[in-house]
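Structure first, then comments.
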Amino acid sequence: MRLRDIPISAWIGIVGIALAFICALFAPLLAPHGESEIVAGVWEPMGDAYLLGTDNLGRDLLSRVIYGARTTLFVALAATVISFSLGIILSFTAAVSRGLIDMGLSRFNDLMMSIPTLIFALVVLAVLPQNLFVLILVMAILDSTRVYRLGRAVALDVAVMEFVEAARLRGEGRLWIIFREILPNTLSPLLAEFGLRFAFSILFLSTLSFLGLGIQPPAADWGGMVKDNKDGIIFGIPAALIPGGAIAALAICVNLVVDWLLKRTSSLKGGRGDA
Amino acid sequence: MAITSEPSGAPPRRWRERFPLLALILQRLGLSALLLLAVSVLIFAGVEALPGDFATTYLGQSATPQAVANIRSELGLDRPVTTRYFEWLGNALQGDFGTSWASRNSVSEQIGNRLGNSLFLAFFAALISVPLAILLGLLAVHYRNRLPDKIINVISLAAISLPEFFIGYLLILYFAVNFGIATFPATVFEGMGFVERLKAIALPTATLVLVVLAHMMRMTRAAILSVMSSAYMETAELKGLGAFRAIVKHAAPNAIAPIVNVVALNLAYLVVGVVVVEVVFVYPGMGQYMVDAVTVRDMPVVQACGLIFAAIYILLNMAADILAIVANPRLRHPR
C-alpha cells in the first residue's frame, strides 16, 4: 500500500484524529489559560482575547476544549482497548473451543445485547459509585458484547481453514492458535471494527457526561461542557455547540477512516466493492 | 385433513413440520419471553449488587444503626432476595412498580403518563423517518456510485457521527431562538390540544428523525444492493425484463425481509434515542424520568424504566424476526 492510494476523505480523517491527539498530549502547552481558571465574565462572546469566548462560569472555552480532548480521548480509548481485548479473547476462545464454552458465552452475550446499551448503562451507573475507573469498565464491558459478536463470526471463518487444522495436528496449544494463527488473519476487519467502536465510545461517553452520569466536574470533558453551557442556548449563546461540534468532528473523522478501512477490507477479499 | 392426502405408508407428519411458520413464530415468542425473564433477573440482580447499603447512603451522617434498620424494614430490604424478586416481578406484571424512594409517589402512575408521551414522540418520528429513509435508500441505489449516491453517502456518514444533543441544540438555536418559528422547551400537559401538542414536539421529532434517518438509509441501501447484485437479478436483466418489472417481480419480494428488519431495528434504536432527546428538550417522557431517577439513585423507578425500555426493545426485535420469517416465501411453503 502506498500513501497516495489513501483517498482524500481518509486523509481528512487522519489529520483530524491526529489534531485531537496533539491537543490531548500537549494540552498544557497549547491552552492559553488553565483548565478551571476563571478568566472573564460569564459567556463572553468570541473575540481576540478569548477565541471561542468563555463558558457559564467565565472560563476560557478554547482552553477547556483542548483540556477536554484529554479526558474524552483517554477515557474513550481506554474503554475501547479494554472492550476490544475482552471481546476478542472471549470470542476467539469460543470459536476455537466450540461446544459448551461457545454455547454458554454466546447465549450470555445474546442476553447482554438484548438490553439497549444506554439503558443498561443507566441502570448499572445508578447502582455503582461514580468514578473514572467504574465508568471506563462499564463502557468497556457493555461495548465488548458487540466486539464479541463480530470476533466470533470472523474467527469461525478462519478456524476451519487448513492451516489452523495443521497447527492443531502439530500439537499447538489454544493460545498459540488464537494469537499466532487466527489473529493475524482477522486483523483487517478487526481494525475497522476498532475504529467503529472508538467512534461509538466517544459518542457514548459524551452522552453519559451530558446526562450528568459520566465524567464529574470540574474536570473538562466535551459532553459535560455541553451540559454546563446548555442554558445559554435559550439566550442565543452558542457556547454549548462548540464542544458538541468537537465531538461531532472527531466522530466524523474516525468514521471517515473506518469507511476507507472497510472498503479496503472488502476489496482485499475480492468483494464487489460496495454494499 | 392434510394427513389424509399423505401418501400411504409415510409416517404421519408432526404439526411442527406441517406448520413450520407457526412453529417458528411460536419459538420466537417463547424465546422472547425467556429473554424478558432473564433481563428482569439481570436488572434486579444488578440493583441488588449495590455496594454499600441504600439505607446508609440515604441517611448519610445521621445513620444510627436503629435508623438504618427502620429504613430497611420500611423499604422491605430486610427480607430474602428471592422473595423480593418474585414479589417485584409479580407486581410488575400486574402493572404495579411500587413507590418511588425519592418522591413516595406511585411509580406506575408516573410511568402511565410519561410512557404515552414518549411513544407519541417516537411514533411521529417513525412516521416521518421510515418512508423517507426507504425513499433515500432507493435513490442511492438507483444512482449507485454516481453523484447523488456519493452526496447521500457523505451526508449520512456525517449524520451518524453527530450526537443527538448536538443536533437538538443546533435545531433549538436556529429554529426556536434565532427564527422563533418553533417552541422550546417542548412542554406537553394534560388536556392540551392535538395541534398544540404536535407543534410542541416538532423540534424533538425532527431531531429523532435526523438521528435514525442516516442509519436506516444506509442499511436500506446495503440491503437493496445485496439483492440487486444477486444472480437472479442478472438473469432477469439478461432475459430482457425491463428494469421496473425486474424490480417488482424479482427484487422486491426478496428485499422486503431485510428492509422490514432494518426498520424494526431502527425503531428499537428510536426508543433509546428518546432518552437523550427528552432531556435536551425537557420533554416529560420516560427517558427524562429515568435519567432523573438515576441521578438520585431512586431504584424502584430505575428498575421499572429499565424493564419497560428493555421490554419494548426486545418486543420490537422480536417483531422484526417474525416479520422476516413471514416475509420469507421459503418458510411459508414447507417442502
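In the C-alpha cells, each chain is lettered A, B, ... as it comes, each chain's residues begin at 1, and ligands are numbered from 1 in order of appearance.
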Contacts from chain B to chain A, 7 Å maximum, only C-alpha atoms: show me the residue list as a short mmCIF file (atom, residue, chain, number, x, y, z; two decimals) with all heavy atoms, in the first residue's frame.
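As written to disk, part_35.cif reads:
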data_model
loop_
_atom_site.label_atom_id
_atom_site.label_comp_id
_atom_site.auth_asym_id
_atom_site.auth_seq_id
_atom_site.Cartn_x
_atom_site.Cartn_y
_atom_site.Cartn_z
N LEU B 35 -36.20 -14.46 27.31
CA LEU B 35 -35.22 -13.38 27.33
C LEU B 35 -35.67 -12.28 28.30
O LEU B 35 -34.88 -11.76 29.09
CB LEU B 35 -35.11 -12.81 25.92
CG LEU B 35 -33.81 -12.10 25.56
CD1 LEU B 35 -32.64 -13.01 25.80
CD2 LEU B 35 -33.84 -11.69 24.10
N GLY B 46 -28.66 -6.68 39.32
CA GLY B 46 -27.75 -5.55 39.21
C GLY B 46 -27.97 -4.56 40.34
O GLY B 46 -27.02 -4.05 40.94
N VAL B 47 -29.22 -4.31 40.66
CA VAL B 47 -29.53 -3.36 41.72
C VAL B 47 -29.21 -3.95 43.09
O VAL B 47 -28.78 -3.26 44.00
CB VAL B 47 -31.01 -2.95 41.62
CG1 VAL B 47 -31.42 -2.14 42.82
CG2 VAL B 47 -31.24 -2.16 40.35
N LEU B 50 -25.73 -3.58 44.72
CA LEU B 50 -25.39 -2.27 45.27
C LEU B 50 -24.29 -2.35 46.32
O LEU B 50 -24.49 -2.97 47.36
CB LEU B 50 -26.66 -1.70 45.92
CG LEU B 50 -26.70 -0.25 46.34
CD1 LEU B 50 -27.03 0.59 45.12
CD2 LEU B 50 -27.75 -0.04 47.40
N PRO B 51 -23.15 -1.76 46.05
CA PRO B 51 -22.09 -1.79 47.06
C PRO B 51 -22.46 -0.81 48.17
O PRO B 51 -22.88 0.31 47.90
CB PRO B 51 -20.85 -1.33 46.30
CG PRO B 51 -21.35 -0.67 45.07
CD PRO B 51 -22.79 -0.99 44.87
N ALA B 158 -21.76 11.63 7.92
CA ALA B 158 -21.62 12.71 8.90
C ALA B 158 -22.75 12.62 9.92
O ALA B 158 -22.53 12.79 11.12
CB ALA B 158 -21.63 14.06 8.19
N SER B 161 -22.48 10.34 12.82
CA SER B 161 -21.44 10.70 13.79
C SER B 161 -21.89 11.82 14.73
O SER B 161 -21.17 12.16 15.66
CB SER B 161 -20.18 11.16 13.06
OG SER B 161 -19.87 10.30 12.00
N LEU B 162 -23.03 12.43 14.45
CA LEU B 162 -23.46 13.55 15.29
C LEU B 162 -24.17 13.04 16.53
O LEU B 162 -25.07 12.23 16.43
CB LEU B 162 -24.41 14.47 14.51
CG LEU B 162 -23.84 15.14 13.27
CD1 LEU B 162 -24.89 16.02 12.64
CD2 LEU B 162 -22.62 15.95 13.61
N PRO B 163 -23.77 13.52 17.71
CA PRO B 163 -24.51 13.14 18.90
C PRO B 163 -25.90 13.77 18.89
O PRO B 163 -26.08 14.87 18.36
CB PRO B 163 -23.66 13.69 20.05
CG PRO B 163 -22.61 14.53 19.46
CD PRO B 163 -22.63 14.39 17.99
N PHE B 166 -26.23 17.34 20.14
CA PHE B 166 -25.69 18.38 19.26
C PHE B 166 -26.74 18.79 18.23
O PHE B 166 -27.01 19.98 18.05
CB PHE B 166 -24.42 17.87 18.57
CG PHE B 166 -23.76 18.87 17.68
CD1 PHE B 166 -23.20 20.02 18.22
CD2 PHE B 166 -23.70 18.68 16.32
CE1 PHE B 166 -22.59 20.95 17.40
CE2 PHE B 166 -23.08 19.60 15.49
CZ PHE B 166 -22.53 20.74 16.04
N LEU B 173 -31.23 26.37 18.62
CA LEU B 173 -30.61 27.67 18.41
C LEU B 173 -31.18 28.34 17.16
O LEU B 173 -31.51 29.53 17.18
CB LEU B 173 -29.09 27.52 18.30
CG LEU B 173 -28.33 28.83 18.17
CD1 LEU B 173 -28.47 29.63 19.45
CD2 LEU B 173 -26.85 28.58 17.89
N VAL B 177 -34.69 29.91 18.73
CA VAL B 177 -34.15 31.17 19.23
C VAL B 177 -33.98 32.21 18.11
O VAL B 177 -34.51 33.31 18.19
CB VAL B 177 -32.80 30.94 19.95
CG1 VAL B 177 -32.23 32.25 20.43
CG2 VAL B 177 -32.98 29.98 21.12
N ALA B 222 -27.75 -0.88 1.71
CA ALA B 222 -26.96 -2.11 1.70
C ALA B 222 -27.84 -3.32 1.41
O ALA B 222 -27.48 -4.20 0.62
CB ALA B 222 -26.24 -2.29 3.03
N LEU B 225 -28.92 -3.27 -2.24
CA LEU B 225 -27.76 -3.55 -3.11
C LEU B 225 -27.42 -5.03 -3.12
O LEU B 225 -27.11 -5.58 -4.18
CB LEU B 225 -26.54 -2.76 -2.62
CG LEU B 225 -26.29 -1.43 -3.31
CD1 LEU B 225 -24.98 -0.85 -2.86
CD2 LEU B 225 -26.28 -1.63 -4.82
N SER B 226 -27.50 -5.67 -1.95
CA SER B 226 -27.12 -7.09 -1.92
C SER B 226 -28.11 -7.91 -2.72
O SER B 226 -27.74 -8.92 -3.34
CB SER B 226 -26.99 -7.59 -0.49
OG SER B 226 -28.26 -7.86 0.04
N VAL B 272 -34.52 4.18 22.33
CA VAL B 272 -33.42 4.56 23.19
C VAL B 272 -33.02 6.03 22.95
O VAL B 272 -32.72 6.76 23.88
CB VAL B 272 -32.22 3.63 22.96
CG1 VAL B 272 -31.09 4.01 23.88
CG2 VAL B 272 -32.63 2.21 23.17
N VAL B 294 -31.94 8.09 38.04
CA VAL B 294 -30.58 7.58 38.15
C VAL B 294 -29.72 8.54 38.95
O VAL B 294 -28.94 8.13 39.80
CB VAL B 294 -29.96 7.32 36.75
CG1 VAL B 294 -28.48 7.02 36.87
CG2 VAL B 294 -30.66 6.17 36.07
N THR B 295 -29.89 9.86 38.73
CA THR B 295 -29.05 10.82 39.44
C THR B 295 -29.31 10.81 40.94
O THR B 295 -28.39 11.02 41.71
CB THR B 295 -29.24 12.26 38.91
OG1 THR B 295 -30.52 12.35 38.31
CG2 THR B 295 -28.19 12.65 37.92
N ARG B 297 -30.52 8.10 42.47
CA ARG B 297 -30.47 6.67 42.84
C ARG B 297 -31.80 6.19 43.40
O ARG B 297 -31.85 5.54 44.44
CB ARG B 297 -29.34 6.42 43.82
CG ARG B 297 -28.06 7.03 43.33
CD ARG B 297 -26.85 6.39 43.91
NE ARG B 297 -25.71 6.69 43.05
CZ ARG B 297 -24.58 6.03 43.07
NH1 ARG B 297 -24.42 5.03 43.86
NH2 ARG B 297 -23.61 6.35 42.26
N VAL B 302 -35.75 3.37 38.59
CA VAL B 302 -34.75 2.92 37.62
C VAL B 302 -35.07 1.52 37.14
O VAL B 302 -35.05 1.24 35.93
CB VAL B 302 -33.34 2.95 38.25
CG1 VAL B 302 -32.32 2.37 37.29
CG2 VAL B 302 -32.95 4.36 38.61
N GLY B 306 -36.04 0.73 33.36
CA GLY B 306 -35.12 -0.18 32.67
C GLY B 306 -35.87 -1.36 32.10
O GLY B 306 -35.68 -1.73 30.94
N ALA B 310 -36.31 -2.10 28.12
CA ALA B 310 -35.78 -3.37 27.61
C ALA B 310 -36.89 -4.18 26.97
O ALA B 310 -36.69 -4.79 25.91
CB ALA B 310 -35.13 -4.15 28.74
N ILE B 314 -36.92 -5.49 23.20
CA ILE B 314 -36.99 -6.92 22.88
C ILE B 314 -38.21 -7.21 22.00
O ILE B 314 -38.12 -7.96 21.03
CB ILE B 314 -37.05 -7.76 24.18
CG1 ILE B 314 -35.70 -7.70 24.88
CG2 ILE B 314 -37.43 -9.20 23.88
CD1 ILE B 314 -35.69 -8.34 26.24
#
One-decimal distance in Å that lies between atom CA of Phe44 of chain B and atom CA of Pro80 of chain B: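 The value is 13.1 Å.
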Secondary structure check, helix (DSSP H, G or I) residues of segment 85-169 of chain B, as a VMD selection string: chain B and resid 85 to 93 107 to 142 147 to 161 164 to 169
Near-Gly273 of chain B list (8 Å; only C-alpha atoms; drop same-chain fewer than 2 positions) as a ChimeraX atom specification: /B:164,208,211,269-271,275-277
Å distance separating atom CA of Leu190 of chain A from atom CA of Leu3 of chain A, one decimal place: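 Those two atoms sit 21.3 Å apart.
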Between atom CA of Val279 of chain B and atom CA of Thr183 of chain B - distance in Å to one decimal: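 Atom CA of Thr183 of chain B sits 15.3 Å away from atom CA of Val279 of chain B.
Using only C-alpha atoms, the smallest distance between any of A:Ala20, A:Val257, A:Met225, A:Leu262 and Pro7 of chain A comes from A:Val257.
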So which residues touch segment 88-93 of chain A within 8 Å, counting only C-alpha atoms, skipping near sequence neighbours fewer than 5 positions away, as a short mmCIF file (atom, residue, chain, number, x, y, z; two decimals) with all heavy atoms, in the first residue's frame?
data_model
loop_
_atom_site.label_atom_id
_atom_site.label_comp_id
_atom_site.auth_asym_id
_atom_site.auth_seq_id
_atom_site.Cartn_x
_atom_site.Cartn_y
_atom_site.Cartn_z
N ASP A 102 -18.57 -22.26 23.99
CA ASP A 102 -19.13 -21.41 22.95
C ASP A 102 -20.60 -21.13 23.22
O ASP A 102 -21.05 -19.98 23.22
CB ASP A 102 -18.95 -22.12 21.59
CG ASP A 102 -19.40 -21.25 20.45
OD1 ASP A 102 -19.48 -20.02 20.65
OD2 ASP A 102 -19.66 -21.77 19.36
N LEU A 105 -21.04 -18.81 26.42
CA LEU A 105 -20.62 -17.43 26.18
C LEU A 105 -21.57 -16.73 25.21
O LEU A 105 -21.97 -15.58 25.42
CB LEU A 105 -19.20 -17.41 25.62
CG LEU A 105 -18.07 -17.60 26.63
CD1 LEU A 105 -16.74 -17.71 25.90
CD2 LEU A 105 -18.03 -16.43 27.60
N VAL A 147 -18.12 -6.41 20.10
CA VAL A 147 -16.85 -6.95 19.60
C VAL A 147 -16.92 -8.47 19.57
O VAL A 147 -16.48 -9.10 18.62
CB VAL A 147 -15.67 -6.49 20.48
CG1 VAL A 147 -14.37 -7.01 19.93
CG2 VAL A 147 -15.64 -4.97 20.56
N TYR A 148 -17.50 -9.04 20.63
CA TYR A 148 -17.60 -10.49 20.73
C TYR A 148 -18.34 -11.05 19.52
O TYR A 148 -17.91 -12.01 18.90
CB TYR A 148 -18.35 -10.87 22.00
CG TYR A 148 -18.58 -12.36 22.16
CD1 TYR A 148 -17.64 -13.16 22.78
CD2 TYR A 148 -19.72 -12.96 21.66
CE1 TYR A 148 -17.83 -14.51 22.90
CE2 TYR A 148 -19.93 -14.32 21.77
CZ TYR A 148 -18.98 -15.09 22.40
OH TYR A 148 -19.18 -16.44 22.51
N ARG A 149 -19.45 -10.40 19.18
CA ARG A 149 -20.27 -10.91 18.09
C ARG A 149 -19.48 -10.94 16.78
O ARG A 149 -19.46 -11.95 16.08
CB ARG A 149 -21.51 -10.04 17.94
CG ARG A 149 -22.50 -10.63 17.01
CD ARG A 149 -23.60 -9.65 16.75
NE ARG A 149 -24.89 -10.28 17.00
CZ ARG A 149 -26.03 -9.63 16.91
NH1 ARG A 149 -26.04 -8.36 16.64
NH2 ARG A 149 -27.15 -10.25 17.11
N GLY A 151 -16.15 -10.71 16.44
CA GLY A 151 -14.96 -11.52 16.60
C GLY A 151 -15.26 -13.00 16.39
O GLY A 151 -14.53 -13.70 15.70
N ARG A 152 -16.38 -13.44 16.95
CA ARG A 152 -16.73 -14.86 16.82
C ARG A 152 -17.01 -15.20 15.37
O ARG A 152 -16.58 -16.24 14.86
CB ARG A 152 -17.94 -15.17 17.68
CG ARG A 152 -18.30 -16.63 17.68
CD ARG A 152 -19.35 -16.97 18.72
NE ARG A 152 -19.80 -18.34 18.54
CZ ARG A 152 -20.71 -18.68 17.65
NH1 ARG A 152 -21.26 -17.77 16.89
NH2 ARG A 152 -21.06 -19.95 17.51
N ALA A 155 -13.68 -15.19 13.42
CA ALA A 155 -12.79 -16.25 13.88
C ALA A 155 -13.29 -17.61 13.43
O ALA A 155 -12.50 -18.48 13.07
CB ALA A 155 -12.67 -16.22 15.40
N ARG A 174 -4.02 -23.87 22.66
CA ARG A 174 -5.12 -22.99 22.29
C ARG A 174 -4.65 -21.54 22.14
O ARG A 174 -5.05 -20.84 21.22
CB ARG A 174 -6.19 -23.08 23.38
CG ARG A 174 -7.51 -22.48 22.98
CD ARG A 174 -8.56 -22.76 24.02
NE ARG A 174 -9.04 -24.14 23.94
CZ ARG A 174 -9.86 -24.68 24.81
NH1 ARG A 174 -10.29 -23.97 25.83
NH2 ARG A 174 -10.27 -25.91 24.68
N ILE A 178 -4.91 -19.10 18.86
CA ILE A 178 -5.62 -17.82 18.88
C ILE A 178 -4.72 -16.69 18.42
O ILE A 178 -5.08 -15.91 17.54
CB ILE A 178 -6.16 -17.53 20.30
CG1 ILE A 178 -7.31 -18.48 20.62
CG2 ILE A 178 -6.61 -16.08 20.43
CD1 ILE A 178 -7.85 -18.33 22.02
#
For segment 247-264 of chain B: contacts at 8 Å, only C-alpha atoms, fewer than 6 positions along chain excluded, given as a PyMOL selection string: chain B and resi 130+216+219-220+223-224+227-228+232-233+236+316-317+319-321+323-325+327-328
Those residues with N, CA and C atoms, as a PDB file, in the first residue's frame please?
ATOM      1  N   VAL B 130     -39.350   6.575   8.475  1.00  0.00           N
ATOM      2  CA  VAL B 130     -39.350   5.290   7.753  1.00  0.00           C
ATOM      3  C   VAL B 130     -39.545   5.464   6.243  1.00  0.00           C
ATOM      4  N   MET B 216     -30.889   4.196   9.085  1.00  0.00           N
ATOM      5  CA  MET B 216     -31.878   3.408   8.375  1.00  0.00           C
ATOM      6  C   MET B 216     -31.602   3.430   6.880  1.00  0.00           C
ATOM      7  N   MET B 219     -28.554   1.292   5.920  1.00  0.00           N
ATOM      8  CA  MET B 219     -28.853  -0.138   5.988  1.00  0.00           C
ATOM      9  C   MET B 219     -29.797  -0.550   4.868  1.00  0.00           C
ATOM     10  N   THR B 220     -30.771   0.323   4.526  1.00  0.00           N
ATOM     11  CA  THR B 220     -31.670   0.017   3.426  1.00  0.00           C
ATOM     12  C   THR B 220     -30.882  -0.107   2.135  1.00  0.00           C
ATOM     13  N   ALA B 223     -29.052  -3.331   2.030  1.00  0.00           N
ATOM     14  CA  ALA B 223     -29.949  -4.474   1.848  1.00  0.00           C
ATOM     15  C   ALA B 223     -30.390  -4.578   0.390  1.00  0.00           C
ATOM     16  N   ILE B 224     -30.785  -3.450  -0.210  1.00  0.00           N
ATOM     17  CA  ILE B 224     -31.249  -3.484  -1.601  1.00  0.00           C
ATOM     18  C   ILE B 224     -30.095  -3.833  -2.523  1.00  0.00           C
ATOM     19  N   VAL B 227     -29.399  -7.485  -2.732  1.00  0.00           N
ATOM     20  CA  VAL B 227     -30.379  -8.188  -3.569  1.00  0.00           C
ATOM     21  C   VAL B 227     -30.109  -7.910  -5.046  1.00  0.00           C
ATOM     22  N   MET B 228     -29.835  -6.633  -5.357  1.00  0.00           N
ATOM     23  CA  MET B 228     -29.667  -6.252  -6.766  1.00  0.00           C
ATOM     24  C   MET B 228     -28.454  -6.926  -7.408  1.00  0.00           C
ATOM     25  N   TYR B 232     -29.974 -13.946  -9.675  1.00  0.00           N
ATOM     26  CA  TYR B 232     -31.275 -13.956 -10.369  1.00  0.00           C
ATOM     27  C   TYR B 232     -31.626 -12.597 -10.948  1.00  0.00           C
ATOM     28  N   MET B 233     -31.082 -11.521 -10.366  1.00  0.00           N
ATOM     29  CA  MET B 233     -31.336 -10.206 -10.959  1.00  0.00           C
ATOM     30  C   MET B 233     -30.573 -10.073 -12.277  1.00  0.00           C
ATOM     31  N   ALA B 236     -32.582 -11.960 -14.791  1.00  0.00           N
ATOM     32  CA  ALA B 236     -33.749 -11.189 -15.199  1.00  0.00           C
ATOM     33  C   ALA B 236     -33.351 -10.136 -16.223  1.00  0.00           C
ATOM     34  N   LEU B 316     -39.725  -5.208  19.890  1.00  0.00           N
ATOM     35  CA  LEU B 316     -39.513  -4.721  18.524  1.00  0.00           C
ATOM     36  C   LEU B 316     -38.564  -5.643  17.764  1.00  0.00           C
ATOM     37  N   ASN B 317     -37.519  -6.115  18.447  1.00  0.00           N
ATOM     38  CA  ASN B 317     -36.611  -7.056  17.797  1.00  0.00           C
ATOM     39  C   ASN B 317     -37.323  -8.349  17.439  1.00  0.00           C
ATOM     40  N   ALA B 319     -40.527  -8.595  16.813  1.00  0.00           N
ATOM     41  CA  ALA B 319     -41.393  -8.279  15.682  1.00  0.00           C
ATOM     42  C   ALA B 319     -40.595  -8.321  14.386  1.00  0.00           C
ATOM     43  N   ALA B 320     -39.355  -7.813  14.436  1.00  0.00           N
ATOM     44  CA  ALA B 320     -38.505  -7.839  13.242  1.00  0.00           C
ATOM     45  C   ALA B 320     -38.259  -9.268  12.804  1.00  0.00           C
ATOM     46  N   ASP B 321     -37.936 -10.130  13.766  1.00  0.00           N
ATOM     47  CA  ASP B 321     -37.688 -11.542  13.461  1.00  0.00           C
ATOM     48  C   ASP B 321     -38.906 -12.184  12.816  1.00  0.00           C
ATOM     49  N   LEU B 323     -41.570 -10.817  11.404  1.00  0.00           N
ATOM     50  CA  LEU B 323     -41.922 -10.273  10.087  1.00  0.00           C
ATOM     51  C   LEU B 323     -40.995 -10.824   9.015  1.00  0.00           C
ATOM     52  N   ALA B 324     -39.716 -10.972   9.379  1.00  0.00           N
ATOM     53  CA  ALA B 324     -38.765 -11.513   8.409  1.00  0.00           C
ATOM     54  C   ALA B 324     -39.134 -12.950   8.072  1.00  0.00           C
ATOM     55  N   ILE B 325     -39.579 -13.710   9.080  1.00  0.00           N
ATOM     56  CA  ILE B 325     -39.980 -15.097   8.838  1.00  0.00           C
ATOM     57  C   ILE B 325     -41.203 -15.132   7.919  1.00  0.00           C
ATOM     58  N   ALA B 327     -42.195 -12.886   5.851  1.00  0.00           N
ATOM     59  CA  ALA B 327     -41.932 -12.356   4.516  1.00  0.00           C
ATOM     60  C   ALA B 327     -41.080 -13.297   3.679  1.00  0.00           C
ATOM     61  N   ASN B 328     -40.554 -14.354   4.292  1.00  0.00           N
ATOM     62  CA  ASN B 328     -39.683 -15.264   3.550  1.00  0.00           C
ATOM     63  C   ASN B 328     -40.508 -16.391   2.930  1.00  0.00           C
TER      64      ASN B 328
END
A:Leu132, A:Leu30, A:Ala166, A:Leu156 ranked by distance to Arg98 of chain A, top pick (using only C-alpha atoms):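 Going through A:Leu132, A:Leu30, A:Ala166, A:Leu156 one by one, the smallest distance to Arg98 of chain A is for A:Leu156.
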